[in-house]
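Asks: Mind looking over this structure? Questions follow.
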Amino acid sequence: MIAGAREAVKRAGERAKALGAKRVVPLPVSAPFHCALMAAAEARLAPELRALTVHDPRVPVVANVDGEPKRDASAAIEALVRQVSSPVRWEAVVDRLASEGVTHYVEVGPGAVLSGLVRKIHREATVMSFGSPGDLAAVEALIHA
């Protein structure tokens, strides 16, 4: 994945095609998330996140920033701060979850992009998208299976 200034990303995609890339898919995003162009936003958001009253998670949170579990609240907040301007390490996250024995994944929200990515990374996984209230019964059945 490439993130950055719109025109630079466009040029990089054109260059990738010229070098033989099979597909270049520009994502419709409203800002250059998860790259250095978000450093100023990270700096503004960090004190707000660090000021929150938080508790240690009951279940470790595997952070997108490094693919590692966060077992205490401060580590989870710091990972969230860093995530604003850091690349998403989705493959590392799914690999870590799989190594911890996770076999069922539920993507919450519209679409199924992450579900597709999980299937490519962890081929034995059971994956489901939960995008509307009509999906609730199927998700409950998956969780209680």
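By order in the structure tokens, chains are A, B, ...; within a chain, residues start at 1; ligands start at 1, following the order shown.
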Compile the contact shell of Asp95 in chain A as a PyMOL selection string: residues with an atom at most 8 Å away, counting only C-alpha atoms, same-chain residues fewer than 3 positions apart removed.
Replies: chain A and resi 91-92+98-99+121-122
Asks: Go ahead and save the residues from that selection, with C-alpha atoms, as a PDB file, in the first residue's frame.
Replies:
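As a result, result21.pdb now contains:
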```pdb
ATOM      1  CA  GLU A  91      -0.872  -8.913   7.806  1.00  0.00           C
ATOM      2  CA  ALA A  92       1.144  -8.826  11.044  1.00  0.00           C
ATOM      3  CA  ALA A  98      -3.764 -16.736  14.104  1.00  0.00           C
ATOM      4  CA  SER A  99      -0.671 -17.643  16.161  1.00  0.00           C
ATOM      5  CA  ILE A 121      -3.733 -14.177   5.051  1.00  0.00           C
ATOM      6  CA  HIS A 122      -5.349 -16.879   7.236  1.00  0.00           C
TER       7      HIS A 122
END
```
Asks: I'd like the neighbourhood of Ala39 in chain A as a ChimeraX atom specification, where a residue qualifies if any of its atoms comes within 12 Å (using only C-alpha atoms), though same-chain residues fewer than 6 positions away should be ignored.
Replies: /A:4,32-33,45-46,81-86
Asks: In Å, rounded to a single decimal, give me how far CA of Ala138 in chain A is from CA of Val94 in chain A.
Replies: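 Interatomic distance, CA of Val94 in chain A to CA of Ala138 in chain A: 22.0 Å.
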Asks: So that I can check the secondary structure, give me every residue of range 7-78 of chain A assigned strand (DSSP E or B) by backbone DSSP, as a PyMOL selection string.
Replies: chain A and resi 61-62+69-70
Asks: As a ChimeraX atom specification, please: all residues of range 5-125 of chain A that backbone DSSP puts in alpha helix (DSSP H).
Replies: /A:6-18,39-50,73-83,90-99,113-121
Asks: What gap, in Å, lies between CA of Asp72 in chain A and CA of Leu52 in chain A?
Replies: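 Separating CA of Asp72 in chain A from CA of Leu52 in chain A is a distance of 13.8 Å.
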Asks: Tell me which protein, DNA and RNA residues are within 9 Å of Ile2 in chain A, counting only C-alpha atoms, leaving out same-chain ones fewer than 3 positions away, and put them as an MDAnalysis selection string.
Replies: chainID A and resid 9 12:13 35
Asks: Could those residues be written to a file, using C-alpha atoms, as a compact mmCIF listing (two decimals), in the first residue's frame?
Replies:
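result-v5.txt, written as the output of this step:
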```
# COMPACT_ATOMS: atom_id res chain seq x y z
CA VAL A 9 0.30 8.49 -4.89
CA ALA A 12 3.45 6.02 -7.88
CA GLY A 13 0.46 4.02 -9.13
CA CYS A 35 1.41 8.12 6.91
```
Asks: Mind checking which residues fall within 12 Å of Glu68 in chain A, counting only C-alpha atoms, ignoring those fewer than 3 positions away in the same chain, and posting them as a list in words?
Replies: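 Residues meeting the cut-off are Pro60, Val61, Val62, Ala63, Asn64, Val65, Arg71, Ala75, Ala76, Ala79, Arg89, Trp90, Glu91, Ala92, Val93, Val94, Asp95, Arg96, Leu97, Ser99 and Glu100 of chain A.
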Asks: Mind dumping the selected residues with C-alpha atoms as a PDB file, in the first residue's frame?
Replies:
```pdb
ATOM      1  CA  PRO A  60      -5.323  -8.131  24.694  1.00  0.00           C
ATOM      2  CA  VAL A  61      -5.681  -5.664  21.821  1.00  0.00           C
ATOM      3  CA  VAL A  62      -3.479  -6.507  18.842  1.00  0.00           C
ATOM      4  CA  ALA A  63      -2.413  -3.117  17.507  1.00  0.00           C
ATOM      5  CA  ASN A  64      -2.318  -2.227  13.815  1.00  0.00           C
ATOM      6  CA  VAL A  65       0.863  -0.252  14.369  1.00  0.00           C
ATOM      7  CA  ARG A  71      -2.207  -5.910  27.635  1.00  0.00           C
ATOM      8  CA  ALA A  75       0.332   0.550  25.912  1.00  0.00           C
ATOM      9  CA  ALA A  76      -2.986   0.452  24.036  1.00  0.00           C
ATOM     10  CA  ALA A  79      -0.283   2.280  20.042  1.00  0.00           C
ATOM     11  CA  ARG A  89       0.396  -3.704   9.544  1.00  0.00           C
ATOM     12  CA  TRP A  90      -2.717  -5.760   8.853  1.00  0.00           C
ATOM     13  CA  GLU A  91      -0.872  -8.913   7.806  1.00  0.00           C
ATOM     14  CA  ALA A  92       1.144  -8.826  11.044  1.00  0.00           C
ATOM     15  CA  VAL A  93      -2.088  -8.388  13.022  1.00  0.00           C
ATOM     16  CA  VAL A  94      -3.803 -11.355  11.386  1.00  0.00           C
ATOM     17  CA  ASP A  95      -0.652 -13.494  11.661  1.00  0.00           C
ATOM     18  CA  ARG A  96      -0.439 -12.679  15.382  1.00  0.00           C
ATOM     19  CA  LEU A  97      -4.108 -13.427  15.970  1.00  0.00           C
ATOM     20  CA  SER A  99      -0.671 -17.643  16.161  1.00  0.00           C
ATOM     21  CA  GLU A 100      -2.731 -17.009  19.308  1.00  0.00           C
TER      22      GLU A 100
END
```
Asks: What separation in Å, quoted to one decimal, exists between CA of Ser115 in chain A and CA of Arg6 in chain A?
Replies: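 About the pair CA of Ser115 in chain A and CA of Arg6 in chain A: they are 26.4 Å apart.
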